$ cat coords.txt   # compact mmCIF, N, CA and C atoms and all ligand atoms
# COMPACT_ATOMS: atom_id res chain seq x y z
N MET A 9 -60.73 -54.08 15.74
CA MET A 9 -61.43 -53.71 14.52
C MET A 9 -61.08 -54.70 13.41
N LYS A 10 -62.12 -55.20 12.76
CA LYS A 10 -61.92 -56.18 11.69
C LYS A 10 -62.31 -55.54 10.35
N LYS A 11 -61.47 -55.74 9.32
CA LYS A 11 -61.78 -55.19 8.00
C LYS A 11 -61.66 -56.29 6.96
N GLU A 12 -62.44 -56.13 5.88
CA GLU A 12 -62.39 -57.11 4.80
C GLU A 12 -61.92 -56.44 3.53
N PHE A 13 -61.04 -57.12 2.80
CA PHE A 13 -60.51 -56.60 1.54
C PHE A 13 -60.50 -57.72 0.51
N THR A 14 -60.45 -57.32 -0.74
CA THR A 14 -60.18 -58.27 -1.82
C THR A 14 -58.74 -58.04 -2.25
N CYS A 15 -57.95 -59.08 -2.21
CA CYS A 15 -56.54 -58.94 -2.61
C CYS A 15 -56.47 -58.69 -4.12
N ILE A 16 -55.73 -57.66 -4.50
CA ILE A 16 -55.63 -57.31 -5.93
C ILE A 16 -54.23 -57.58 -6.48
N VAL A 17 -53.46 -58.36 -5.73
CA VAL A 17 -52.08 -58.62 -6.17
C VAL A 17 -52.04 -59.59 -7.36
N CYS A 18 -52.98 -60.55 -7.41
CA CYS A 18 -53.03 -61.47 -8.55
C CYS A 18 -54.51 -61.76 -8.88
N PRO A 19 -54.77 -62.40 -10.02
CA PRO A 19 -56.17 -62.59 -10.45
C PRO A 19 -57.00 -63.53 -9.56
N MET A 20 -56.41 -64.20 -8.58
CA MET A 20 -57.17 -65.08 -7.69
C MET A 20 -58.17 -64.30 -6.83
N SER A 21 -57.89 -63.04 -6.59
CA SER A 21 -58.80 -62.15 -5.84
C SER A 21 -59.27 -62.74 -4.51
N CYS A 22 -58.34 -63.21 -3.72
CA CYS A 22 -58.70 -63.81 -2.42
C CYS A 22 -59.40 -62.79 -1.52
N ALA A 23 -60.41 -63.27 -0.79
CA ALA A 23 -61.13 -62.42 0.16
C ALA A 23 -60.38 -62.45 1.49
N LEU A 24 -59.87 -61.30 1.89
CA LEU A 24 -59.05 -61.22 3.10
C LEU A 24 -59.84 -60.63 4.26
N THR A 25 -59.60 -61.16 5.43
CA THR A 25 -60.12 -60.58 6.66
C THR A 25 -58.90 -60.19 7.49
N VAL A 26 -58.85 -58.93 7.88
CA VAL A 26 -57.68 -58.44 8.61
C VAL A 26 -58.14 -57.82 9.92
N GLU A 27 -57.46 -58.18 10.99
CA GLU A 27 -57.77 -57.56 12.28
C GLU A 27 -56.53 -57.47 13.15
N GLU A 28 -56.61 -56.55 14.10
CA GLU A 28 -55.50 -56.36 15.04
C GLU A 28 -55.89 -56.99 16.36
N LYS A 29 -55.01 -57.87 16.85
CA LYS A 29 -55.26 -58.52 18.15
C LYS A 29 -54.00 -58.43 18.98
N ASN A 30 -54.11 -57.81 20.12
CA ASN A 30 -52.97 -57.68 21.04
C ASN A 30 -51.74 -57.10 20.34
N GLY A 31 -51.97 -56.09 19.50
CA GLY A 31 -50.86 -55.41 18.83
C GLY A 31 -50.35 -56.13 17.60
N GLU A 32 -50.94 -57.29 17.28
CA GLU A 32 -50.49 -58.03 16.10
C GLU A 32 -51.57 -57.98 15.02
N ILE A 33 -51.15 -57.78 13.78
CA ILE A 33 -52.12 -57.74 12.68
C ILE A 33 -52.22 -59.15 12.08
N ILE A 34 -53.45 -59.65 12.09
CA ILE A 34 -53.70 -61.02 11.63
C ILE A 34 -54.46 -60.97 10.31
N VAL A 35 -53.94 -61.69 9.31
CA VAL A 35 -54.58 -61.74 7.99
C VAL A 35 -55.09 -63.16 7.77
N LEU A 36 -56.37 -63.29 7.43
CA LEU A 36 -56.96 -64.60 7.12
C LEU A 36 -57.50 -64.58 5.69
N GLY A 37 -57.48 -65.72 5.03
CA GLY A 37 -58.07 -65.85 3.70
C GLY A 37 -57.08 -65.70 2.57
N ASN A 38 -55.84 -65.32 2.91
CA ASN A 38 -54.84 -65.14 1.86
C ASN A 38 -54.33 -66.49 1.35
N GLY A 39 -54.21 -66.57 0.02
CA GLY A 39 -53.71 -67.81 -0.58
C GLY A 39 -52.20 -67.88 -0.61
N CYS A 40 -51.53 -66.79 -0.33
CA CYS A 40 -50.07 -66.80 -0.34
C CYS A 40 -49.54 -65.65 0.51
N LYS A 41 -48.22 -65.61 0.69
CA LYS A 41 -47.65 -64.60 1.60
C LYS A 41 -47.73 -63.19 1.02
N ARG A 42 -47.84 -63.08 -0.31
CA ARG A 42 -47.99 -61.73 -0.89
C ARG A 42 -49.32 -61.13 -0.44
N GLY A 43 -50.32 -61.96 -0.29
CA GLY A 43 -51.63 -61.50 0.17
C GLY A 43 -51.58 -61.04 1.61
N LYS A 44 -50.74 -61.68 2.41
CA LYS A 44 -50.60 -61.27 3.81
C LYS A 44 -50.02 -59.86 3.86
N GLU A 45 -48.99 -59.64 3.05
CA GLU A 45 -48.36 -58.31 3.00
C GLU A 45 -49.36 -57.26 2.50
N PHE A 46 -50.13 -57.63 1.46
CA PHE A 46 -51.13 -56.72 0.93
C PHE A 46 -52.16 -56.37 2.01
N GLY A 47 -52.62 -57.39 2.73
CA GLY A 47 -53.63 -57.19 3.77
C GLY A 47 -53.14 -56.28 4.88
N ILE A 48 -51.89 -56.47 5.29
CA ILE A 48 -51.32 -55.63 6.35
C ILE A 48 -51.21 -54.18 5.86
N ASN A 49 -50.74 -54.01 4.62
CA ASN A 49 -50.61 -52.65 4.07
C ASN A 49 -51.98 -51.98 3.91
N GLU A 50 -52.97 -52.73 3.45
CA GLU A 50 -54.31 -52.17 3.29
C GLU A 50 -54.89 -51.74 4.64
N PHE A 51 -54.58 -52.51 5.64
CA PHE A 51 -55.10 -52.25 6.98
C PHE A 51 -54.42 -51.04 7.63
N THR A 52 -53.11 -50.91 7.40
CA THR A 52 -52.34 -49.88 8.11
C THR A 52 -52.10 -48.61 7.29
N ASP A 53 -51.81 -48.77 6.00
CA ASP A 53 -51.42 -47.60 5.19
C ASP A 53 -51.68 -47.89 3.70
N PRO A 54 -52.96 -47.89 3.30
CA PRO A 54 -53.26 -48.26 1.91
C PRO A 54 -52.69 -47.26 0.90
N LYS A 55 -52.10 -47.78 -0.15
CA LYS A 55 -51.50 -46.95 -1.20
C LYS A 55 -51.87 -47.51 -2.56
N ARG A 56 -51.82 -46.64 -3.57
CA ARG A 56 -52.10 -47.06 -4.95
C ARG A 56 -51.23 -46.27 -5.92
N MET A 57 -50.92 -46.89 -7.05
CA MET A 57 -50.37 -46.13 -8.17
C MET A 57 -51.50 -45.24 -8.68
N VAL A 58 -51.17 -44.04 -9.09
CA VAL A 58 -52.18 -43.13 -9.64
C VAL A 58 -52.01 -43.07 -11.15
N THR A 59 -53.07 -43.39 -11.87
CA THR A 59 -53.08 -43.24 -13.32
C THR A 59 -54.31 -42.43 -13.69
N THR A 60 -54.10 -41.44 -14.51
CA THR A 60 -55.22 -40.61 -14.96
C THR A 60 -54.79 -39.91 -16.24
N THR A 61 -55.51 -38.87 -16.63
CA THR A 61 -55.12 -38.07 -17.79
C THR A 61 -55.13 -36.60 -17.39
N VAL A 62 -54.33 -35.82 -18.11
CA VAL A 62 -54.33 -34.36 -17.90
C VAL A 62 -54.57 -33.68 -19.24
N LYS A 63 -55.01 -32.44 -19.18
CA LYS A 63 -55.34 -31.69 -20.38
C LYS A 63 -54.06 -31.32 -21.15
N VAL A 64 -54.12 -31.45 -22.46
CA VAL A 64 -52.97 -31.06 -23.29
C VAL A 64 -53.47 -30.27 -24.50
N MET A 65 -52.74 -29.22 -24.84
CA MET A 65 -53.10 -28.36 -25.98
C MET A 65 -52.08 -28.59 -27.11
N GLY A 66 -52.53 -28.36 -28.32
CA GLY A 66 -51.62 -28.39 -29.46
C GLY A 66 -51.23 -29.77 -29.94
N SER A 67 -52.07 -30.78 -29.64
CA SER A 67 -51.80 -32.13 -30.12
C SER A 67 -53.09 -32.71 -30.71
N HIS A 68 -52.97 -33.88 -31.36
CA HIS A 68 -54.18 -34.51 -31.91
C HIS A 68 -55.05 -35.11 -30.80
N LEU A 69 -54.49 -35.30 -29.60
CA LEU A 69 -55.29 -35.76 -28.45
C LEU A 69 -55.51 -34.59 -27.49
N LYS A 70 -56.64 -34.61 -26.81
CA LYS A 70 -56.94 -33.53 -25.86
C LYS A 70 -56.49 -33.87 -24.44
N ARG A 71 -56.21 -35.16 -24.17
CA ARG A 71 -55.79 -35.58 -22.84
C ARG A 71 -54.54 -36.46 -22.96
N LEU A 72 -53.65 -36.30 -22.02
CA LEU A 72 -52.41 -37.08 -21.97
C LEU A 72 -52.47 -38.06 -20.80
N PRO A 73 -52.26 -39.36 -21.04
CA PRO A 73 -52.22 -40.29 -19.90
C PRO A 73 -50.96 -40.10 -19.07
N VAL A 74 -51.13 -40.11 -17.76
CA VAL A 74 -50.01 -39.93 -16.83
C VAL A 74 -50.07 -41.00 -15.74
N ILE A 75 -48.92 -41.21 -15.09
CA ILE A 75 -48.85 -42.23 -14.03
C ILE A 75 -47.89 -41.75 -12.95
N SER A 76 -48.12 -42.19 -11.72
CA SER A 76 -47.20 -41.84 -10.63
C SER A 76 -45.97 -42.75 -10.71
N THR A 77 -44.84 -42.26 -10.22
CA THR A 77 -43.61 -43.05 -10.25
C THR A 77 -43.55 -44.04 -9.10
N ASP A 78 -44.50 -43.94 -8.18
CA ASP A 78 -44.57 -44.88 -7.05
C ASP A 78 -45.99 -44.83 -6.49
N GLU A 79 -46.28 -45.69 -5.55
CA GLU A 79 -47.61 -45.68 -4.94
C GLU A 79 -47.78 -44.45 -4.05
N LEU A 80 -49.02 -43.96 -3.99
CA LEU A 80 -49.35 -42.79 -3.18
C LEU A 80 -50.42 -43.16 -2.15
N PRO A 81 -50.39 -42.49 -0.99
CA PRO A 81 -51.39 -42.80 0.05
C PRO A 81 -52.82 -42.58 -0.46
N LEU A 82 -53.65 -43.59 -0.27
CA LEU A 82 -55.03 -43.57 -0.77
C LEU A 82 -55.85 -42.44 -0.14
N ASP A 83 -55.57 -42.13 1.12
CA ASP A 83 -56.40 -41.11 1.79
C ASP A 83 -56.07 -39.69 1.36
N HIS A 84 -55.05 -39.49 0.52
CA HIS A 84 -54.74 -38.17 -0.02
C HIS A 84 -55.06 -38.09 -1.52
N LEU A 85 -55.72 -39.10 -2.03
CA LEU A 85 -55.96 -39.19 -3.47
C LEU A 85 -56.67 -37.95 -4.02
N PHE A 86 -57.65 -37.43 -3.28
CA PHE A 86 -58.41 -36.28 -3.77
C PHE A 86 -57.51 -35.05 -3.91
N VAL A 87 -56.48 -34.92 -3.07
CA VAL A 87 -55.54 -33.80 -3.15
C VAL A 87 -54.73 -33.90 -4.45
N TYR A 88 -54.25 -35.11 -4.74
CA TYR A 88 -53.46 -35.31 -5.96
C TYR A 88 -54.33 -35.10 -7.20
N MET A 89 -55.54 -35.62 -7.18
CA MET A 89 -56.42 -35.49 -8.34
C MET A 89 -56.79 -34.03 -8.58
N HIS A 90 -56.96 -33.28 -7.51
CA HIS A 90 -57.26 -31.85 -7.64
C HIS A 90 -56.10 -31.13 -8.32
N GLU A 91 -54.88 -31.46 -7.92
CA GLU A 91 -53.68 -30.85 -8.52
C GLU A 91 -53.57 -31.24 -9.99
N LEU A 92 -53.85 -32.49 -10.29
CA LEU A 92 -53.75 -32.98 -11.67
C LEU A 92 -54.84 -32.37 -12.55
N TYR A 93 -55.99 -32.10 -11.98
CA TYR A 93 -57.11 -31.54 -12.74
C TYR A 93 -56.78 -30.14 -13.27
N GLN A 94 -55.87 -29.45 -12.58
CA GLN A 94 -55.54 -28.08 -12.97
C GLN A 94 -54.40 -27.98 -14.00
N VAL A 95 -53.80 -29.11 -14.33
CA VAL A 95 -52.67 -29.11 -15.28
C VAL A 95 -53.17 -28.88 -16.70
N VAL A 96 -52.52 -27.96 -17.41
CA VAL A 96 -52.75 -27.77 -18.85
C VAL A 96 -51.37 -27.74 -19.52
N LEU A 97 -51.09 -28.76 -20.31
CA LEU A 97 -49.79 -28.87 -20.97
C LEU A 97 -49.84 -28.36 -22.39
N GLU A 98 -48.68 -28.07 -22.92
CA GLU A 98 -48.54 -27.74 -24.34
C GLU A 98 -47.71 -28.86 -24.98
N ALA A 99 -48.22 -29.44 -26.08
CA ALA A 99 -47.43 -30.42 -26.82
C ALA A 99 -46.25 -29.69 -27.49
N PRO A 100 -45.12 -30.37 -27.73
CA PRO A 100 -44.92 -31.81 -27.59
C PRO A 100 -44.61 -32.22 -26.15
N VAL A 101 -44.90 -33.49 -25.86
CA VAL A 101 -44.59 -34.08 -24.56
C VAL A 101 -43.87 -35.40 -24.82
N GLU A 102 -42.81 -35.65 -24.06
CA GLU A 102 -42.06 -36.90 -24.20
C GLU A 102 -42.49 -37.91 -23.13
N LYS A 103 -42.57 -39.18 -23.53
CA LYS A 103 -42.87 -40.25 -22.57
C LYS A 103 -41.86 -40.18 -21.41
N GLY A 104 -42.34 -40.24 -20.18
CA GLY A 104 -41.46 -40.18 -19.01
C GLY A 104 -41.20 -38.78 -18.52
N GLN A 105 -41.63 -37.79 -19.27
CA GLN A 105 -41.44 -36.39 -18.86
C GLN A 105 -42.18 -36.13 -17.54
N ILE A 106 -41.53 -35.43 -16.64
CA ILE A 106 -42.18 -35.13 -15.36
C ILE A 106 -43.25 -34.07 -15.58
N ILE A 107 -44.45 -34.41 -15.20
CA ILE A 107 -45.59 -33.49 -15.36
C ILE A 107 -45.79 -32.71 -14.06
N ILE A 108 -45.74 -33.40 -12.92
CA ILE A 108 -45.74 -32.74 -11.61
C ILE A 108 -44.65 -33.40 -10.77
N GLU A 109 -43.72 -32.60 -10.30
CA GLU A 109 -42.66 -33.10 -9.45
C GLU A 109 -43.13 -33.07 -7.99
N ASN A 110 -42.89 -34.16 -7.27
CA ASN A 110 -43.18 -34.22 -5.84
C ASN A 110 -44.63 -33.82 -5.53
N ILE A 111 -45.56 -34.50 -6.19
CA ILE A 111 -46.97 -34.13 -6.05
C ILE A 111 -47.42 -34.19 -4.58
N GLY A 112 -48.07 -33.12 -4.16
CA GLY A 112 -48.58 -33.06 -2.79
C GLY A 112 -47.52 -33.25 -1.73
N ASN A 113 -46.25 -32.92 -2.06
CA ASN A 113 -45.13 -33.10 -1.13
C ASN A 113 -44.94 -34.56 -0.73
N SER A 114 -45.29 -35.47 -1.64
CA SER A 114 -45.25 -36.91 -1.34
C SER A 114 -43.90 -37.54 -1.63
N GLY A 115 -43.06 -36.83 -2.40
CA GLY A 115 -41.80 -37.43 -2.84
C GLY A 115 -41.96 -38.24 -4.11
N VAL A 116 -43.17 -38.29 -4.63
CA VAL A 116 -43.48 -39.05 -5.85
C VAL A 116 -43.80 -38.08 -6.99
N ASP A 117 -43.29 -38.41 -8.17
CA ASP A 117 -43.56 -37.56 -9.35
C ASP A 117 -44.69 -38.16 -10.18
N ILE A 118 -45.30 -37.30 -10.98
CA ILE A 118 -46.27 -37.76 -11.99
C ILE A 118 -45.60 -37.56 -13.34
N VAL A 119 -45.57 -38.62 -14.15
CA VAL A 119 -44.88 -38.54 -15.44
C VAL A 119 -45.82 -38.92 -16.58
N ALA A 120 -45.45 -38.50 -17.79
CA ALA A 120 -46.23 -38.82 -18.98
C ALA A 120 -46.08 -40.31 -19.32
N SER A 121 -47.20 -40.96 -19.63
CA SER A 121 -47.18 -42.39 -19.98
C SER A 121 -46.88 -42.60 -21.46
N ARG A 122 -46.96 -41.53 -22.25
CA ARG A 122 -46.69 -41.65 -23.68
C ARG A 122 -46.20 -40.30 -24.20
N SER A 123 -45.65 -40.34 -25.39
CA SER A 123 -45.24 -39.10 -26.05
C SER A 123 -46.41 -38.56 -26.86
N LEU A 124 -46.45 -37.26 -27.01
CA LEU A 124 -47.45 -36.63 -27.88
C LEU A 124 -46.75 -35.57 -28.72
N LYS A 125 -46.95 -35.67 -30.05
CA LYS A 125 -46.34 -34.68 -30.94
C LYS A 125 -47.21 -33.43 -30.99
N GLN A 126 -46.56 -32.37 -31.41
CA GLN A 126 -47.30 -31.12 -31.64
C GLN A 126 -47.91 -31.19 -33.03
N ILE A 127 -49.16 -30.80 -33.17
CA ILE A 127 -49.76 -30.79 -34.50
C ILE A 127 -49.34 -29.53 -35.24
N GLU A 128 -49.19 -29.70 -36.55
CA GLU A 128 -48.84 -28.53 -37.36
C GLU A 128 -50.12 -27.80 -37.71
N LEU A 129 -50.10 -26.51 -37.51
CA LEU A 129 -51.29 -25.70 -37.84
C LEU A 129 -51.33 -25.45 -39.34
N LYS A 130 -52.51 -25.65 -39.95
CA LYS A 130 -52.66 -25.40 -41.38
C LYS A 130 -52.63 -23.90 -41.63
N LYS A 131 -51.94 -23.52 -42.71
CA LYS A 131 -51.90 -22.10 -43.07
C LYS A 131 -53.21 -21.70 -43.74
N GLU A 132 -53.72 -20.57 -43.35
CA GLU A 132 -54.97 -20.05 -43.95
C GLU A 132 -54.71 -19.60 -45.37
N ASN A 133 -55.63 -19.90 -46.32
CA ASN A 133 -55.51 -19.38 -47.68
C ASN A 133 -55.95 -17.92 -47.70
N ALA A 134 -55.12 -17.08 -48.30
CA ALA A 134 -55.42 -15.65 -48.35
C ALA A 134 -56.45 -15.34 -49.41
S1 LIG B 201 -53.53 -63.73 -1.52
FE1 LIG B 201 -52.00 -64.47 -2.98
S2 LIG B 201 -53.17 -65.89 -4.26
FE2 LIG B 201 -54.68 -64.64 -3.20
S3 LIG B 201 -55.11 -62.92 -4.60
FE3 LIG B 201 -53.48 -62.24 -3.19
S4 LIG B 201 -51.58 -62.67 -4.29
FE4 LIG B 201 -53.19 -63.87 -5.27

$ encode --input "coords.txt" --output "structure tokens" --more "lines below"
Ligand code: SF4
Amino acid sequence: MKKEFTCIVCPMSCALTVEEKNGEIIVLGNGCKRGKEFGINEFTDPKRMVTTTVKVMGSHLKRLPVISTDELPLDHLFVYMHELYQVVLEAPVEKGQIIIENIGNSGVDIVASRSLKQIELKKENA
């Protein structure tokens, strides 16, 4: 089986062709050895850092940017996104705060990418 990928390790965006022959994974088109490693990983076990936003209450922003602490398997992405979609936080939130620990039993946490202060509620005039 032959697969084609675009290497995303650097801006050169080399077009990679990866195939398995006699138990060996062969990468063609890579401009450097980092591309070979990327091609092998994409072919065998593709992973990505997850960055998205989650709902937050009581702050001047309605969504909080979050990021995974490590790469997560691409084929389980919909499971992680489903879990993240259900999160509703209350401000304040500190940068680096764990939002979901061990998401999807992956061993990877989701943490806040920034801090968010709690907004002060205005007092109603009587
Ligand atoms: S193969 Fe090397 S040079 Fe080409 S995009 Fe990947 S990292 Fe960059």

$ residues_near_ligand --input "coords.txt" --ligand "ligand LIG 201 (chain B)" --cutoff "8 Å" --atoms "only N, CA and C atoms and all ligand atoms" --output "PDB file with N, CA and C atoms, in the coordinates of the input"
ATOM      1  N   THR A  14     -60.450 -57.320  -0.740  1.00  0.00           N
ATOM      2  CA  THR A  14     -60.180 -58.270  -1.820  1.00  0.00           C
ATOM      3  C   THR A  14     -58.740 -58.040  -2.250  1.00  0.00           C
ATOM      4  N   CYS A  15     -57.950 -59.080  -2.210  1.00  0.00           N
ATOM      5  CA  CYS A  15     -56.540 -58.940  -2.610  1.00  0.00           C
ATOM      6  C   CYS A  15     -56.470 -58.690  -4.120  1.00  0.00           C
ATOM      7  N   ILE A  16     -55.730 -57.660  -4.500  1.00  0.00           N
ATOM      8  CA  ILE A  16     -55.630 -57.310  -5.930  1.00  0.00           C
ATOM      9  C   ILE A  16     -54.230 -57.580  -6.480  1.00  0.00           C
ATOM     10  N   VAL A  17     -53.460 -58.360  -5.730  1.00  0.00           N
ATOM     11  CA  VAL A  17     -52.080 -58.620  -6.170  1.00  0.00           C
ATOM     12  C   VAL A  17     -52.040 -59.590  -7.360  1.00  0.00           C
ATOM     13  N   CYS A  18     -52.980 -60.550  -7.410  1.00  0.00           N
ATOM     14  CA  CYS A  18     -53.030 -61.470  -8.550  1.00  0.00           C
ATOM     15  C   CYS A  18     -54.510 -61.760  -8.880  1.00  0.00           C
ATOM     16  N   PRO A  19     -54.770 -62.400 -10.020  1.00  0.00           N
ATOM     17  CA  PRO A  19     -56.170 -62.590 -10.450  1.00  0.00           C
ATOM     18  C   PRO A  19     -57.000 -63.530  -9.560  1.00  0.00           C
ATOM     19  N   MET A  20     -56.410 -64.200  -8.580  1.00  0.00           N
ATOM     20  CA  MET A  20     -57.170 -65.080  -7.690  1.00  0.00           C
ATOM     21  C   MET A  20     -58.170 -64.300  -6.830  1.00  0.00           C
ATOM     22  N   SER A  21     -57.890 -63.040  -6.590  1.00  0.00           N
ATOM     23  CA  SER A  21     -58.800 -62.150  -5.840  1.00  0.00           C
ATOM     24  C   SER A  21     -59.270 -62.740  -4.510  1.00  0.00           C
ATOM     25  N   CYS A  22     -58.340 -63.210  -3.720  1.00  0.00           N
ATOM     26  CA  CYS A  22     -58.700 -63.810  -2.420  1.00  0.00           C
ATOM     27  C   CYS A  22     -59.400 -62.790  -1.520  1.00  0.00           C
ATOM     28  N   ALA A  23     -60.410 -63.270  -0.790  1.00  0.00           N
ATOM     29  CA  ALA A  23     -61.130 -62.420   0.160  1.00  0.00           C
ATOM     30  C   ALA A  23     -60.380 -62.450   1.490  1.00  0.00           C
ATOM     31  N   LEU A  24     -59.870 -61.300   1.890  1.00  0.00           N
ATOM     32  CA  LEU A  24     -59.050 -61.220   3.100  1.00  0.00           C
ATOM     33  C   LEU A  24     -59.840 -60.630   4.260  1.00  0.00           C
ATOM     34  N   GLY A  37     -57.480 -65.720   5.030  1.00  0.00           N
ATOM     35  CA  GLY A  37     -58.070 -65.850   3.700  1.00  0.00           C
ATOM     36  C   GLY A  37     -57.080 -65.700   2.570  1.00  0.00           C
ATOM     37  N   ASN A  38     -55.840 -65.320   2.910  1.00  0.00           N
ATOM     38  CA  ASN A  38     -54.840 -65.140   1.860  1.00  0.00           C
ATOM     39  C   ASN A  38     -54.330 -66.490   1.350  1.00  0.00           C
ATOM     40  N   GLY A  39     -54.210 -66.570   0.020  1.00  0.00           N
ATOM     41  CA  GLY A  39     -53.710 -67.810  -0.580  1.00  0.00           C
ATOM     42  C   GLY A  39     -52.200 -67.880  -0.610  1.00  0.00           C
ATOM     43  N   CYS A  40     -51.530 -66.790  -0.330  1.00  0.00           N
ATOM     44  CA  CYS A  40     -50.070 -66.800  -0.340  1.00  0.00           C
ATOM     45  C   CYS A  40     -49.540 -65.650   0.510  1.00  0.00           C
ATOM     46  N   LYS A  41     -48.220 -65.610   0.690  1.00  0.00           N
ATOM     47  CA  LYS A  41     -47.650 -64.600   1.600  1.00  0.00           C
ATOM     48  C   LYS A  41     -47.730 -63.190   1.020  1.00  0.00           C
ATOM     49  N   ARG A  42     -47.840 -63.080  -0.310  1.00  0.00           N
ATOM     50  CA  ARG A  42     -47.990 -61.730  -0.890  1.00  0.00           C
ATOM     51  C   ARG A  42     -49.320 -61.130  -0.440  1.00  0.00           C
ATOM     52  N   GLY A  43     -50.320 -61.960  -0.290  1.00  0.00           N
ATOM     53  CA  GLY A  43     -51.630 -61.500   0.170  1.00  0.00           C
ATOM     54  C   GLY A  43     -51.580 -61.040   1.610  1.00  0.00           C
ATOM     55  N   LYS A  44     -50.740 -61.680   2.410  1.00  0.00           N
ATOM     56  CA  LYS A  44     -50.600 -61.270   3.810  1.00  0.00           C
ATOM     57  C   LYS A  44     -50.020 -59.860   3.860  1.00  0.00           C
ATOM     58  N   GLU A  45     -48.990 -59.640   3.050  1.00  0.00           N
ATOM     59  CA  GLU A  45     -48.360 -58.310   3.000  1.00  0.00           C
ATOM     60  C   GLU A  45     -49.360 -57.260   2.500  1.00  0.00           C
ATOM     61  N   PHE A  46     -50.130 -57.630   1.460  1.00  0.00           N
ATOM     62  CA  PHE A  46     -51.130 -56.720   0.930  1.00  0.00           C
ATOM     63  C   PHE A  46     -52.160 -56.370   2.010  1.00  0.00           C
ATOM     64  N   GLY A  47     -52.620 -57.390   2.730  1.00  0.00           N
ATOM     65  CA  GLY A  47     -53.630 -57.190   3.770  1.00  0.00           C
ATOM     66  C   GLY A  47     -53.140 -56.280   4.880  1.00  0.00           C
TER      67      GLY A  47
END

$ select_by_dssp --input "coords.txt" --residues "segment 76-112 of chain A" --states "alpha helix (DSSP H)" --output "PyMOL selection string"
chain A and resi 85-93

$ atom_distance --input "coords.txt" --atom1 "atom CA of Leu124 of chain A" --atom2 "atom N of Val62 of chain A"
12.0 Å

$ closest_residue --input "coords.txt" --among "A:Val101, A:Ala120, A:Leu85, A:Ile111" --to "Ser67 of chain A" --atoms "only C-alpha atoms"
A:Val101

$ residues_around --input "coords.txt" --residues "segment 95-100 of chain A" --least-positions-apart "4" --cutoff "6 Å" --atoms "all atoms listed in the file" --output "list in words"
Val62, Lys63, Val64, Met65, Gly66, Ser67, Glu91, Leu124, Lys125 and Gln126 of chain A

$ write_last_selection --input "coords.txt" --atoms "N, CA and C atoms" --output "CSV table (one decimal), in the coordinates of the input"
chain,number,residue,atom,x,y,z
A,62,VAL,N,-54.3,-35.8,-18.1
A,62,VAL,CA,-54.3,-34.4,-17.9
A,62,VAL,C,-54.6,-33.7,-19.2
A,63,LYS,N,-55.0,-32.4,-19.2
A,63,LYS,CA,-55.3,-31.7,-20.4
A,63,LYS,C,-54.1,-31.3,-21.2
A,64,VAL,N,-54.1,-31.4,-22.5
A,64,VAL,CA,-53.0,-31.1,-23.3
A,64,VAL,C,-53.5,-30.3,-24.5
A,65,MET,N,-52.7,-29.2,-24.8
A,65,MET,CA,-53.1,-28.4,-26.0
A,65,MET,C,-52.1,-28.6,-27.1
A,66,GLY,N,-52.5,-28.4,-28.3
A,66,GLY,CA,-51.6,-28.4,-29.5
A,66,GLY,C,-51.2,-29.8,-29.9
A,67,SER,N,-52.1,-30.8,-29.6
A,67,SER,CA,-51.8,-32.1,-30.1
A,67,SER,C,-53.1,-32.7,-30.7
A,91,GLU,N,-54.9,-31.5,-7.9
A,91,GLU,CA,-53.7,-30.8,-8.5
A,91,GLU,C,-53.6,-31.2,-10.0
A,124,LEU,N,-46.4,-37.3,-27.0
A,124,LEU,CA,-47.4,-36.6,-27.9
A,124,LEU,C,-46.8,-35.6,-28.7
A,125,LYS,N,-47.0,-35.7,-30.0
A,125,LYS,CA,-46.3,-34.7,-30.9
A,125,LYS,C,-47.2,-33.4,-31.0
A,126,GLN,N,-46.6,-32.4,-31.4
A,126,GLN,CA,-47.3,-31.1,-31.6
A,126,GLN,C,-47.9,-31.2,-33.0

$ closest_residue --input "coords.txt" --among "A:Pro54, A:Gly31, A:Pro81, A:Pro73" --to "Ser123 of chain A" --atoms "only C-alpha atoms"
A:Pro73

$ atom_distance --input "coords.txt" --atom1 "atom C of Val87 of chain A" --atom2 "atom N of Gly112 of chain A"
6.7 Å

$ select_by_dssp --input "coords.txt" --residues "chain A" --states "strand (DSSP E)" --output "PyMOL selection string"
chain A and resi 10-14+23-29+32-36+55-56+59-65+71-76+80-81+96-98+106-108+118-120

$ residues_around --input "coords.txt" --residues "Asp78 of chain A" --least-positions-apart "6" --cutoff "6.5 Å" --atoms "only N, CA and C atoms" --output "list in words"
Arg56, Met57, Val58, Val116 and Asp117 of chain A

$ residues_around --input "coords.txt" --residues "Arg122 of chain A" --least-positions-apart "5" --cutoff "7 Å" --atoms "only N, CA and C atoms" --output "list in words"
Leu72, Pro73, Val74, Val101, Glu102, Lys103 and Gly104 of chain A

$ write_last_selection --input "coords.txt" --atoms "N, CA and C atoms" --output "tab-separated table (two decimals), in the coordinates of the input"
chain	number	residue	atom	x	y	z
A	72	LEU	N	-53.65	-36.30	-22.02
A	72	LEU	CA	-52.41	-37.08	-21.97
A	72	LEU	C	-52.47	-38.06	-20.80
A	73	PRO	N	-52.26	-39.36	-21.04
A	73	PRO	CA	-52.22	-40.29	-19.90
A	73	PRO	C	-50.96	-40.10	-19.07
A	74	VAL	N	-51.13	-40.11	-17.76
A	74	VAL	CA	-50.01	-39.93	-16.83
A	74	VAL	C	-50.07	-41.00	-15.74
A	101	VAL	N	-44.90	-33.49	-25.86
A	101	VAL	CA	-44.59	-34.08	-24.56
A	101	VAL	C	-43.87	-35.40	-24.82
A	102	GLU	N	-42.81	-35.65	-24.06
A	102	GLU	CA	-42.06	-36.90	-24.20
A	102	GLU	C	-42.49	-37.91	-23.13
A	103	LYS	N	-42.57	-39.18	-23.53
A	103	LYS	CA	-42.87	-40.25	-22.57
A	103	LYS	C	-41.86	-40.18	-21.41
A	104	GLY	N	-42.34	-40.24	-20.18
A	104	GLY	CA	-41.46	-40.18	-19.01
A	104	GLY	C	-41.20	-38.78	-18.52

$ atom_distance --input "coords.txt" --atom1 "atom CA of Glu50 of chain A" --atom2 "atom CA of Ile118 of chain A"
22.5 Å

$ residues_around --input "coords.txt" --residues "Lys55 of chain A" --least-positions-apart "5" --cutoff "7 Å" --atoms "all atoms listed in the file" --output "list of chain:residue names"
A:Asn49, A:Glu50, A:Glu79, A:Leu80, A:Pro81, A:Leu82, A:Asp83
